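This is work_12.txt. It holds compact mmCIF, C-alpha atoms and all ligand atoms.
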# COMPACT_ATOMS: atom_id res chain seq x y z
CA MET A 1 12.72 76.41 48.41
CA SER A 2 12.31 74.42 45.21
CA GLU A 3 12.57 77.66 43.26
CA ALA A 4 15.92 78.35 44.91
CA VAL A 5 17.12 74.87 43.93
CA MET A 6 15.92 75.42 40.38
CA THR A 7 17.66 78.75 40.27
CA ASP A 8 20.93 77.26 41.42
CA THR A 9 20.56 74.43 38.89
CA ALA A 10 19.87 76.92 36.15
CA GLN A 11 22.84 79.04 37.23
CA ARG A 12 25.14 76.06 37.10
CA GLN A 13 23.79 75.01 33.71
CA ALA A 14 24.20 78.53 32.34
CA LEU A 15 27.92 78.51 33.19
CA VAL A 16 28.76 75.29 31.34
CA ASP A 17 29.67 76.69 27.94
CA GLU A 18 31.61 79.69 29.18
CA LEU A 19 33.62 77.65 31.71
CA ASN A 20 34.26 74.92 29.19
CA GLU A 21 36.02 77.43 26.96
CA TYR A 22 38.61 77.89 29.72
CA ASN A 23 38.84 74.17 30.64
CA CYS A 24 36.85 74.74 33.80
CA ARG A 25 33.56 73.51 35.20
CA VAL A 26 31.38 73.67 38.30
CA ALA A 27 29.62 70.69 39.85
CA GLN A 28 26.28 69.89 38.19
CA PRO A 29 23.30 68.29 39.99
CA THR A 30 23.53 65.38 37.54
CA ASP A 31 27.15 64.63 38.52
CA GLY A 32 27.72 61.64 40.78
CA PRO A 33 29.00 62.42 44.27
CA LEU A 34 32.67 63.33 44.55
CA PHE A 35 33.00 61.14 47.65
CA THR A 36 31.26 58.13 49.10
CA ARG A 37 31.23 57.41 52.81
CA ASP A 38 33.35 54.32 52.23
CA PRO A 39 34.69 52.47 49.16
CA GLN A 40 31.94 51.46 46.70
CA SER A 41 33.81 49.05 44.47
CA ALA A 42 32.40 48.01 41.11
CA MET A 43 34.48 44.85 41.36
CA GLN A 44 32.49 41.73 42.22
CA PRO A 45 33.64 38.73 44.22
CA ALA A 46 34.53 35.96 41.78
CA HIS A 47 35.30 32.25 41.97
CA TRP A 48 36.96 30.09 39.30
CA LYS A 49 36.83 26.32 39.72
CA ALA A 50 39.86 24.16 38.92
CA ARG A 51 37.89 21.79 36.69
CA ASP A 52 36.61 24.61 34.47
CA LEU A 53 40.02 26.24 34.25
CA GLU A 54 41.71 22.96 33.29
CA ARG A 55 39.27 22.41 30.43
CA LEU A 56 39.60 26.00 29.19
CA LEU A 57 43.40 25.85 29.38
CA GLU A 58 43.46 22.68 27.28
CA LYS A 59 41.23 24.44 24.80
CA ILE A 60 43.43 27.52 24.45
CA GLY A 61 46.47 25.19 24.27
CA ALA A 62 44.92 23.42 21.31
CA ASN A 63 43.52 26.50 19.57
CA LEU A 64 45.80 29.47 20.22
CA LYS A 65 49.26 29.76 18.73
CA LEU A 66 52.22 31.18 20.57
CA GLU A 67 53.97 33.35 18.01
CA ALA A 68 57.33 35.13 18.16
CA GLY A 69 56.77 38.72 19.28
CA GLY A 70 53.07 38.03 19.87
CA GLN A 71 50.90 37.85 22.96
CA ARG A 72 51.46 35.22 25.61
CA ARG A 73 49.00 32.30 25.66
CA THR A 74 47.03 33.17 28.76
CA LEU A 75 43.60 32.70 30.25
CA ARG A 76 42.81 36.03 31.87
CA LEU A 77 40.72 36.01 35.02
CA ALA A 78 38.13 38.69 34.31
CA ASN A 79 35.65 40.50 36.53
CA ARG A 80 32.06 41.21 35.50
CA GLY A 81 32.07 44.51 37.34
CA LEU A 82 35.21 45.86 35.69
CA PRO A 83 35.92 46.84 32.08
CA PHE A 84 39.50 45.60 32.42
CA GLY A 85 41.55 43.51 34.82
CA THR A 86 40.92 40.99 37.56
CA THR A 87 40.85 43.76 40.17
CA PRO A 88 41.03 47.57 39.96
CA THR A 89 44.85 47.42 39.83
CA PHE A 90 46.03 44.08 38.46
CA TRP A 91 45.43 41.31 35.94
CA ALA A 92 45.81 37.71 37.06
CA SER A 93 46.16 35.28 34.16
CA ILE A 94 47.03 31.64 33.77
CA GLN A 95 49.78 31.04 31.25
CA TYR A 96 49.80 27.79 29.33
CA ILE A 97 52.98 26.78 27.52
CA LEU A 98 53.54 23.57 25.59
CA PRO A 99 56.71 21.48 25.31
CA GLY A 100 59.22 23.10 22.96
CA GLU A 101 57.53 26.50 22.94
CA ILE A 102 59.23 29.84 23.55
CA ALA A 103 57.49 32.95 24.86
CA THR A 104 59.82 35.51 23.27
CA ALA A 105 61.71 38.30 25.02
CA HIS A 106 60.15 41.64 25.85
CA ARG A 107 59.90 44.12 28.69
CA HIS A 108 57.25 46.43 30.08
CA ALA A 109 56.72 49.11 32.68
CA ALA A 110 54.21 46.89 34.47
CA SER A 111 55.70 44.71 37.22
CA ALA A 112 55.01 41.01 36.86
CA LEU A 113 55.25 37.86 38.89
CA ARG A 114 54.76 34.19 38.19
CA PHE A 115 53.64 31.53 40.63
CA ILE A 116 54.13 28.04 39.22
CA MET A 117 50.96 25.95 39.40
CA LYS A 118 51.81 22.76 37.53
CA GLY A 119 54.55 21.16 35.47
CA ARG A 120 58.30 21.14 35.27
CA GLY A 121 61.04 21.82 32.77
CA ALA A 122 60.39 25.46 31.86
CA ASP A 123 62.81 28.27 32.51
CA THR A 124 62.67 32.03 32.37
CA ILE A 125 65.50 34.48 31.74
CA VAL A 126 65.16 37.79 33.63
CA ASP A 127 67.69 40.46 32.60
CA GLY A 128 70.17 37.76 31.65
CA GLU A 129 69.69 35.50 34.68
CA ARG A 130 68.18 32.11 33.99
CA TYR A 131 65.82 30.45 36.47
CA GLU A 132 64.22 27.06 36.36
CA MET A 133 60.53 27.24 37.26
CA ASN A 134 59.11 24.51 39.47
CA GLU A 135 55.77 24.01 41.16
CA GLY A 136 55.23 26.42 44.06
CA ASP A 137 58.08 28.78 43.07
CA LEU A 138 57.50 32.52 42.93
CA VAL A 139 59.52 34.23 40.18
CA LEU A 140 59.61 38.01 39.79
CA THR A 141 59.91 40.14 36.68
CA PRO A 142 60.43 43.65 38.08
CA ALA A 143 59.33 46.62 35.98
CA TRP A 144 61.28 47.05 32.74
CA THR A 145 63.32 43.84 33.07
CA TRP A 146 63.70 41.76 29.90
CA HIS A 147 62.05 38.34 30.18
CA ASP A 148 61.41 35.30 28.02
CA HIS A 149 60.29 31.78 28.83
CA GLU A 150 61.07 28.42 27.26
CA HIS A 151 59.47 25.07 28.00
CA LYS A 152 61.95 22.21 27.72
CA GLY A 153 59.78 19.64 29.52
CA ASP A 154 57.42 17.10 27.99
CA LYS A 155 54.02 18.05 29.47
CA PRO A 156 52.13 21.38 29.38
CA MET A 157 53.30 23.87 31.95
CA ILE A 158 50.89 26.14 33.83
CA TRP A 159 51.60 29.17 35.94
CA LEU A 160 49.83 32.19 37.37
CA ASP A 161 50.91 35.59 36.02
CA VAL A 162 50.05 38.77 37.86
CA LEU A 163 50.81 42.21 36.41
CA ASP A 164 49.88 45.63 37.82
CA ILE A 165 48.65 46.69 34.37
CA SER A 166 45.53 48.56 35.49
CA LEU A 167 47.51 50.61 37.99
CA VAL A 168 50.13 51.49 35.40
CA ARG A 169 47.42 52.36 32.86
CA SER A 170 45.55 54.55 35.34
CA MET A 171 48.75 56.56 35.74
CA HIS A 172 49.34 56.68 31.98
CA ALA A 173 52.79 55.21 32.50
CA THR A 174 52.64 52.32 30.03
CA PHE A 175 55.80 51.35 28.15
CA PHE A 176 56.51 48.18 26.19
CA GLU A 177 59.43 47.00 24.09
CA GLY A 178 59.83 43.80 22.08
CA SER A 179 63.11 42.13 21.16
CA ALA A 180 64.30 40.93 17.77
CA GLU A 181 65.90 37.92 19.50
CA PRO A 182 63.51 35.29 20.86
CA ARG A 183 65.64 34.63 23.94
CA GLN A 184 68.16 36.75 25.79
CA PRO A 185 71.77 35.73 26.06
CA VAL A 186 72.42 34.32 29.51
CA SER A 187 74.89 36.89 30.76
CA SER A 188 75.48 35.81 34.31
CA ILE A 189 75.70 32.90 36.71
CA PRO A 190 72.49 30.79 36.77
CA ASP A 191 70.28 31.65 39.76
CA HIS A 192 72.56 34.60 40.50
CA SER A 193 70.20 36.57 42.76
CA TYR A 194 69.11 33.40 44.55
CA ARG A 195 72.72 32.50 45.32
CA ARG A 196 73.26 35.97 46.80
CA TYR A 197 70.04 36.56 48.70
CA GLY A 198 67.85 33.47 48.45
CA SER A 199 68.39 32.27 52.01
CA GLY A 200 66.55 35.34 53.25
CA ILE A 201 68.65 35.33 56.42
CA MET A 202 72.15 36.06 55.09
CA LYS A 203 73.87 38.01 52.37
CA PRO A 204 77.39 38.16 50.95
CA LEU A 205 79.99 39.94 53.05
CA ASN A 206 80.68 43.50 51.87
CA ASP A 207 77.37 43.71 50.03
CA ARG A 208 76.47 47.20 51.34
CA THR A 209 74.27 48.58 48.57
CA VAL A 210 70.49 48.53 48.68
CA PRO A 211 69.20 48.91 45.13
CA ASP A 212 65.84 50.53 44.41
CA VAL A 213 64.52 47.29 42.97
CA ASN A 214 64.44 44.00 44.88
CA PRO A 215 67.49 42.10 43.63
CA LEU A 216 66.05 38.69 44.59
CA LEU A 217 64.14 37.31 41.62
CA VAL A 218 63.09 33.86 42.80
CA TYR A 219 61.55 32.46 45.98
CA SER A 220 61.67 28.67 45.91
CA ALA A 221 58.73 26.53 46.99
CA GLU A 222 61.02 24.66 49.34
CA ARG A 223 62.19 27.68 51.34
CA SER A 224 58.90 29.54 51.40
CA GLN A 225 56.94 26.46 52.52
CA GLU A 226 59.55 25.66 55.14
CA ALA A 227 59.11 29.20 56.52
CA LEU A 228 55.34 28.71 56.52
CA ARG A 229 55.63 25.43 58.42
CA ALA A 230 57.75 27.12 61.07
CA ALA A 231 55.29 30.03 61.35
CA ALA A 232 52.38 27.60 61.83
CA GLY A 233 53.77 27.06 65.33
CA LEU A 234 52.90 30.68 66.22
CA PRO A 235 49.53 31.81 67.56
CA PRO A 236 47.15 32.21 64.60
CA ASP A 237 46.39 35.61 63.10
CA PRO A 238 42.67 36.16 63.81
CA PHE A 239 41.82 36.92 60.17
CA ASP A 240 44.37 34.91 58.20
CA ASP A 241 45.65 32.14 60.50
CA THR A 242 49.26 31.62 59.30
CA ALA A 243 50.22 34.09 56.60
CA LEU A 244 53.72 35.09 55.51
CA GLU A 245 54.50 37.86 53.08
CA TYR A 246 57.30 37.42 50.55
CA LEU A 247 59.92 40.07 51.34
CA ASN A 248 62.60 42.08 49.70
CA PRO A 249 65.39 40.62 51.86
CA LEU A 250 67.42 43.85 51.79
CA THR A 251 64.69 46.27 52.86
CA GLY A 252 62.17 44.09 54.67
CA GLY A 253 59.49 45.61 52.42
CA SER A 254 57.23 43.73 50.03
CA ALA A 255 58.93 41.66 47.33
CA MET A 256 57.42 43.90 44.63
CA PRO A 257 56.72 47.63 45.07
CA THR A 258 53.04 47.51 44.11
CA ILE A 259 51.93 43.87 44.40
CA GLY A 260 51.83 41.96 47.68
CA THR A 261 52.47 38.21 47.67
CA VAL A 262 51.53 36.00 50.61
CA LEU A 263 51.74 32.31 51.40
CA GLN A 264 49.02 31.29 53.80
CA SER A 265 47.90 28.18 55.61
CA LEU A 266 44.65 27.51 57.44
CA ARG A 267 44.96 24.81 60.07
CA PRO A 268 42.39 21.97 60.16
CA GLY A 269 38.98 23.21 61.31
CA MET A 270 40.03 26.88 61.36
CA HIS A 271 37.27 29.47 61.04
CA THR A 272 38.80 32.95 61.05
CA LYS A 273 37.26 36.19 62.23
CA ALA A 274 35.80 38.50 59.60
CA HIS A 275 37.44 41.74 58.50
CA ARG A 276 37.62 44.16 55.63
CA HIS A 277 40.40 46.27 54.22
CA THR A 278 41.18 48.49 51.26
CA GLY A 279 43.00 46.69 48.48
CA SER A 280 41.93 43.82 46.29
CA VAL A 281 42.97 40.19 46.68
CA VAL A 282 43.20 37.11 44.48
CA TYR A 283 43.67 33.70 46.07
CA TYR A 284 44.99 30.55 44.45
CA VAL A 285 44.21 27.39 46.42
CA MET A 286 47.32 25.19 46.38
CA ARG A 287 45.82 22.42 48.50
CA GLY A 288 42.96 21.65 50.85
CA THR A 289 39.25 22.41 50.86
CA GLY A 290 37.42 25.22 52.55
CA ALA A 291 35.19 28.21 52.14
CA THR A 292 35.45 31.97 52.14
CA ILE A 293 32.45 34.12 53.02
CA VAL A 294 32.57 37.41 51.09
CA ASP A 295 29.95 40.05 51.92
CA GLY A 296 27.61 37.28 53.04
CA THR A 297 28.10 34.96 50.03
CA THR A 298 29.85 31.64 50.71
CA PHE A 299 32.34 30.37 48.14
CA GLU A 300 33.28 26.71 48.63
CA TRP A 301 36.76 26.12 47.25
CA GLY A 302 39.15 23.25 46.58
CA ALA A 303 42.66 22.75 45.24
CA GLY A 304 43.31 24.61 41.98
CA ASP A 305 40.49 27.15 42.45
CA PHE A 306 40.88 30.94 42.33
CA LEU A 307 38.93 33.48 44.34
CA ALA A 308 38.88 37.28 43.97
CA ILE A 309 37.88 39.61 46.81
CA PRO A 310 36.96 43.25 46.07
CA PRO A 311 38.28 46.20 48.08
CA TRP A 312 36.52 46.70 51.42
CA ALA A 313 34.51 43.46 51.12
CA VAL A 314 33.99 41.68 54.45
CA HIS A 315 35.57 38.24 54.36
CA GLU A 316 36.40 35.27 56.58
CA HIS A 317 38.00 31.90 55.83
CA ILE A 318 37.11 28.35 56.83
CA ASN A 319 39.15 25.18 56.49
CA ARG A 320 36.52 22.45 56.01
CA SER A 321 38.90 19.60 56.80
CA SER A 322 39.38 18.36 60.36
CA ASP A 323 42.79 16.81 59.67
CA THR A 324 44.45 18.51 56.67
CA GLU A 325 45.79 22.04 56.36
CA ALA A 326 44.75 24.27 53.46
CA MET A 327 47.48 26.22 51.66
CA LEU A 328 46.79 29.36 49.67
CA PHE A 329 48.89 31.74 47.59
CA GLN A 330 47.57 35.27 47.81
CA VAL A 331 48.20 38.28 45.60
CA ASN A 332 47.05 41.77 46.57
CA ASP A 333 47.68 45.45 45.86
CA ILE A 334 48.18 46.40 49.50
CA PRO A 335 51.83 47.56 49.08
CA ALA A 336 50.63 50.17 46.56
CA LEU A 337 47.87 51.32 48.92
CA ARG A 338 50.25 51.57 51.88
CA LYS A 339 52.71 53.67 49.89
CA LEU A 340 49.90 56.06 48.99
CA GLY A 341 48.61 56.26 52.56
CA LEU A 342 45.35 54.56 51.58
CA TYR A 343 45.52 51.31 53.51
CA ARG A 344 42.78 50.79 56.12
CA GLU A 345 41.40 47.72 57.79
CA GLU A 346 38.82 46.90 60.41
CA ALA A 347 37.45 43.85 62.16
CA VAL A 348 33.77 43.06 61.53
CA GLU A 349 31.57 41.22 64.02
CA PRO A 350 30.36 37.90 62.57
CA ASP A 351 26.71 38.92 63.01
CA ALA A 352 27.24 41.99 60.84
CA GLN A 353 28.51 39.82 57.99
CA ARG A 354 25.53 37.47 58.29
CA ALA A 355 23.10 40.39 58.37
CA ALA A 356 24.77 41.88 55.27
CA GLY A 357 24.25 38.61 53.36
O1 LIG A 401 54.74 36.22 30.50
O2 LIG A 401 55.61 38.11 29.96
O3 LIG A 401 50.02 37.12 31.59
O4 LIG A 401 53.96 40.10 29.34
C1 LIG A 401 50.70 39.10 30.53
C2 LIG A 401 51.71 39.86 29.95
C3 LIG A 401 52.27 37.33 30.91
C4 LIG A 401 54.64 37.44 30.26
C5 LIG A 401 50.98 37.85 31.00
C6 LIG A 401 53.00 39.34 29.87
C7 LIG A 401 53.27 38.05 30.35
FE FE2 A 402 55.83 40.08 29.97
Could you write out this file's structure as structure tokens?
Amino acid sequence: MSEAVMTDTAQRQALVDELNEYNCRVAQPTDGPLFTRDPQSAMQPAHWKARDLERLLEKIGANLKLEAGGQRRTLRLANRGLPFGTTPTFWASIQYILPGEIATAHRHAASALRFIMKGRGADTIVDGERYEMNEGDLVLTPAWTWHDHEHKGDKPMIWLDVLDISLVRSMHATFFEGSAEPRQPVSSIPDHSYRRYGSGIMKPLNDRTVPDVNPLLVYSAERSQEALRAAAGLPPDPFDDTALEYLNPLTGGSAMPTIGTVLQSLRPGMHTKAHRHTGSVVYYVMRGTGATIVDGTTFEWGAGDFLAIPPWAVHEHINRSSDTEAMLFQVNDIPALRKLGLYREEAVEPDAQRAAG
């Protein structure tokens, strides 16, 4: 028996050089398995506390310059289990921009979004359309659109950036182009896409075309939170309580092709059921206090915190308050998984999660 195994091992070893010459190989006993029974993610759950982030942001604000044509001033949310990125597919970063500063124009193949955390008075120009950015707004920069930001306010401005950089890199589809001009000319009506499609329930008469890319570039805090308040009157989702996905209003699909964006509220005292799904998630806590149990570890969160959940990790959410809702902004890569036929989810009995932890 063991001789047979040895023989096979030796046979495989003996073929290496010859096969290599023809860009071929056979499996070797030292290779890792081709498949695992279920996803074995190297990503680890991670929690960033608001107080730490605030201090670090002030530090990079004081120490890092924002130079024309250079990198943005961002605090990247890293993961100890990954060589790159916040999750296997995307980077979440917090951008810090000071009064009077300009983040100069460029474009890239990676899709990007911004969710405004704090401050007022900054604007962004996306392919010639200018948008003011206010707290709670979601602003999109679809793949290969020119974008630049300017802060005209008088206090530092902070927003969350999410880009599907790791996904684009894994497909070797990276492109980037800088601009000689710091800002783009504003070529169209301010808030153009918002005027056309921003209501989410109506569109201009005779607008019959459905472009490949979502034409709506901004989702205001006011309208998205109003929608969430209305949805809170529905029966809760067992795993997410009240959760609304930002949509492409013309297709009903996700607002961005690869990145999912969700506004979520947990009613006072809510303790959801546990589940797991493929796809990675990053949460930003807008308000409230609560906890999320991830593969048996409890993360106690408050306003301004971030939490990252790896693919296939069992998780459940708790609102610790008995009288105040918790509101969360969620980013995930589920639209990409669905398009590739890789999305799966399953409920997990609470005892299983406790036993796992
Ligand atoms: O603001 O254009 O966090 O290009 C990373 C790359 C922000 C941006 C990031 C970017 C940007
Ligand atoms: Fe960018």
### Task
Please identify all polymer residues lying at most 7 Å from the point (58.2, 25.1, 23.1) (file coordinates), using all atoms listed in the file, and present the result as a list of chain:residue names.
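Residues with an atom at most 7 Å from (58.2, 25.1, 23.1): A:Leu98, A:Pro99, A:Gly100, A:Glu101, A:Ile102, A:Glu150, A:His151, A:Lys152.
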### Task
For CA of Leu138 (chain A) and CA of Trp159 (chain A), quote the distance in Å rounded to one decimal.
9.7 Å
### Message
When you look at Tyr284 (chain A) with a cut-off of 12 Å (counting all atoms listed in the file), what residues show up, excluding the ones that are within fewer than 6 positions of it in the same chain? I need them as a ChimeraX atom specification.
### Response
/A:47-50,77,92-94,115-117,136,159-162,261-265,301-309,326-332
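Near region 194-210 of chain A, within 7 Å and counting all atoms listed in the file, sit A:Asp191, A:Leu216, A:Leu217, A:Val218, A:Tyr219, A:Pro249, A:Leu250; same-chain residues fewer than 3 positions away were not included.
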### Message
What does the list of residues within 8 Å of ligand LIG 401 (chain A) look like if you count all atoms listed in the file, written as a list of chain:residue names?
### Response
A:Gln71, A:Arg72, A:Arg73, A:Thr74, A:Leu75, A:Arg76, A:Trp91, A:Ala92, A:Ser93, A:Ile94, A:Gln95, A:Ala103, A:Ala105, A:His106, A:Arg107, A:His108, A:Ala112, A:Arg114, A:His147, A:Asp148, A:His149, A:Leu160, A:Asp161, A:Val162, A:Leu163
Output file for the selection above: C-alpha atoms, as an mmCIF file, in the coordinates of the input:
data_model
loop_
_atom_site.group_PDB
_atom_site.id
_atom_site.type_symbol
_atom_site.label_atom_id
_atom_site.label_comp_id
_atom_site.auth_asym_id
_atom_site.auth_seq_id
_atom_site.Cartn_x
_atom_site.Cartn_y
_atom_site.Cartn_z
ATOM 1 C CA GLN A 71 50.900 37.850 22.960
ATOM 2 C CA ARG A 72 51.460 35.220 25.610
ATOM 3 C CA ARG A 73 49.000 32.300 25.660
ATOM 4 C CA THR A 74 47.030 33.170 28.760
ATOM 5 C CA LEU A 75 43.600 32.700 30.250
ATOM 6 C CA ARG A 76 42.810 36.030 31.870
ATOM 7 C CA TRP A 91 45.430 41.310 35.940
ATOM 8 C CA ALA A 92 45.810 37.710 37.060
ATOM 9 C CA SER A 93 46.160 35.280 34.160
ATOM 10 C CA ILE A 94 47.030 31.640 33.770
ATOM 11 C CA GLN A 95 49.780 31.040 31.250
ATOM 12 C CA ALA A 103 57.490 32.950 24.860
ATOM 13 C CA ALA A 105 61.710 38.300 25.020
ATOM 14 C CA HIS A 106 60.150 41.640 25.850
ATOM 15 C CA ARG A 107 59.900 44.120 28.690
ATOM 16 C CA HIS A 108 57.250 46.430 30.080
ATOM 17 C CA ALA A 112 55.010 41.010 36.860
ATOM 18 C CA ARG A 114 54.760 34.190 38.190
ATOM 19 C CA HIS A 147 62.050 38.340 30.180
ATOM 20 C CA ASP A 148 61.410 35.300 28.020
ATOM 21 C CA HIS A 149 60.290 31.780 28.830
ATOM 22 C CA LEU A 160 49.830 32.190 37.370
ATOM 23 C CA ASP A 161 50.910 35.590 36.020
ATOM 24 C CA VAL A 162 50.050 38.770 37.860
ATOM 25 C CA LEU A 163 50.810 42.210 36.410
#
### Spatial sel., origin (64.7, 47.3, 53.8), limit 12 Å, all atoms listed in the file, listed as a list of chain:residue names
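Final list of nearby residues, as requested, is A:Thr209, A:Val210, A:Pro211, A:Asp212, A:Val213, A:Asn214, A:Pro215, A:Leu247, A:Asn248, A:Pro249, A:Leu250, A:Thr251, A:Gly252, A:Gly253, A:Ser254, A:Ala255, A:Pro257.
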For region 265-290 of chain A, write N, CA and C atoms out as a compact mmCIF listing (two decimals), in the first residue's frame.
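Saved file selection07.txt follows:
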# COMPACT_ATOMS: atom_id res chain seq x y z
N SER A 265 -31.64 49.42 9.25
CA SER A 265 -31.90 49.85 10.61
C SER A 265 -32.35 48.66 11.46
N LEU A 266 -31.86 48.65 12.68
CA LEU A 266 -32.22 47.62 13.66
C LEU A 266 -33.10 48.29 14.69
N ARG A 267 -34.33 47.80 14.84
CA ARG A 267 -35.23 48.45 15.80
C ARG A 267 -34.77 48.18 17.23
N PRO A 268 -35.21 49.04 18.18
CA PRO A 268 -34.78 48.87 19.58
C PRO A 268 -34.98 47.43 20.05
N GLY A 269 -33.94 46.90 20.69
CA GLY A 269 -34.03 45.55 21.28
C GLY A 269 -33.93 44.41 20.29
N MET A 270 -33.80 44.69 19.01
CA MET A 270 -33.76 43.62 18.00
C MET A 270 -32.56 42.70 18.19
N HIS A 271 -32.81 41.40 18.12
CA HIS A 271 -31.72 40.41 18.04
C HIS A 271 -32.06 39.51 16.86
N THR A 272 -31.31 39.64 15.77
CA THR A 272 -31.66 38.91 14.55
C THR A 272 -31.28 37.44 14.65
N LYS A 273 -31.78 36.67 13.73
CA LYS A 273 -31.33 35.28 13.57
C LYS A 273 -29.96 35.29 12.90
N ALA A 274 -29.26 34.18 13.07
CA ALA A 274 -27.91 34.06 12.49
C ALA A 274 -27.99 33.45 11.09
N HIS A 275 -27.12 33.93 10.21
CA HIS A 275 -26.98 33.28 8.89
C HIS A 275 -25.56 33.47 8.37
N ARG A 276 -25.31 32.80 7.26
CA ARG A 276 -24.04 33.03 6.57
C ARG A 276 -24.30 33.02 5.08
N HIS A 277 -23.43 33.73 4.37
CA HIS A 277 -23.57 33.82 2.92
C HIS A 277 -22.20 34.05 2.31
N THR A 278 -22.09 33.73 1.01
CA THR A 278 -20.86 34.10 0.30
C THR A 278 -20.88 35.61 0.14
N GLY A 279 -19.71 36.17 -0.08
CA GLY A 279 -19.61 37.62 -0.19
C GLY A 279 -19.14 38.22 1.12
N SER A 280 -18.38 39.29 0.99
CA SER A 280 -17.83 39.96 2.17
C SER A 280 -18.59 41.27 2.40
N VAL A 281 -18.60 41.70 3.67
CA VAL A 281 -19.40 42.87 4.05
C VAL A 281 -18.58 43.80 4.93
N VAL A 282 -18.74 45.10 4.71
CA VAL A 282 -18.23 46.09 5.65
C VAL A 282 -19.40 46.96 6.10
N TYR A 283 -19.51 47.13 7.42
CA TYR A 283 -20.55 47.97 7.99
C TYR A 283 -19.95 49.26 8.52
N TYR A 284 -20.69 50.36 8.33
CA TYR A 284 -20.38 51.61 8.99
C TYR A 284 -21.58 51.94 9.87
N VAL A 285 -21.33 52.15 11.16
CA VAL A 285 -22.42 52.44 12.09
C VAL A 285 -22.70 53.94 12.07
N MET A 286 -23.86 54.31 11.55
CA MET A 286 -24.22 55.73 11.47
C MET A 286 -24.72 56.24 12.81
N ARG A 287 -25.57 55.46 13.46
CA ARG A 287 -26.00 55.81 14.81
C ARG A 287 -26.49 54.58 15.56
N GLY A 288 -26.49 54.72 16.91
CA GLY A 288 -26.96 53.63 17.75
C GLY A 288 -25.81 52.83 18.34
N THR A 289 -26.18 51.88 19.18
CA THR A 289 -25.19 50.99 19.80
C THR A 289 -25.73 49.56 19.73
N GLY A 290 -24.83 48.63 19.50
CA GLY A 290 -25.27 47.25 19.40
C GLY A 290 -24.09 46.32 19.33
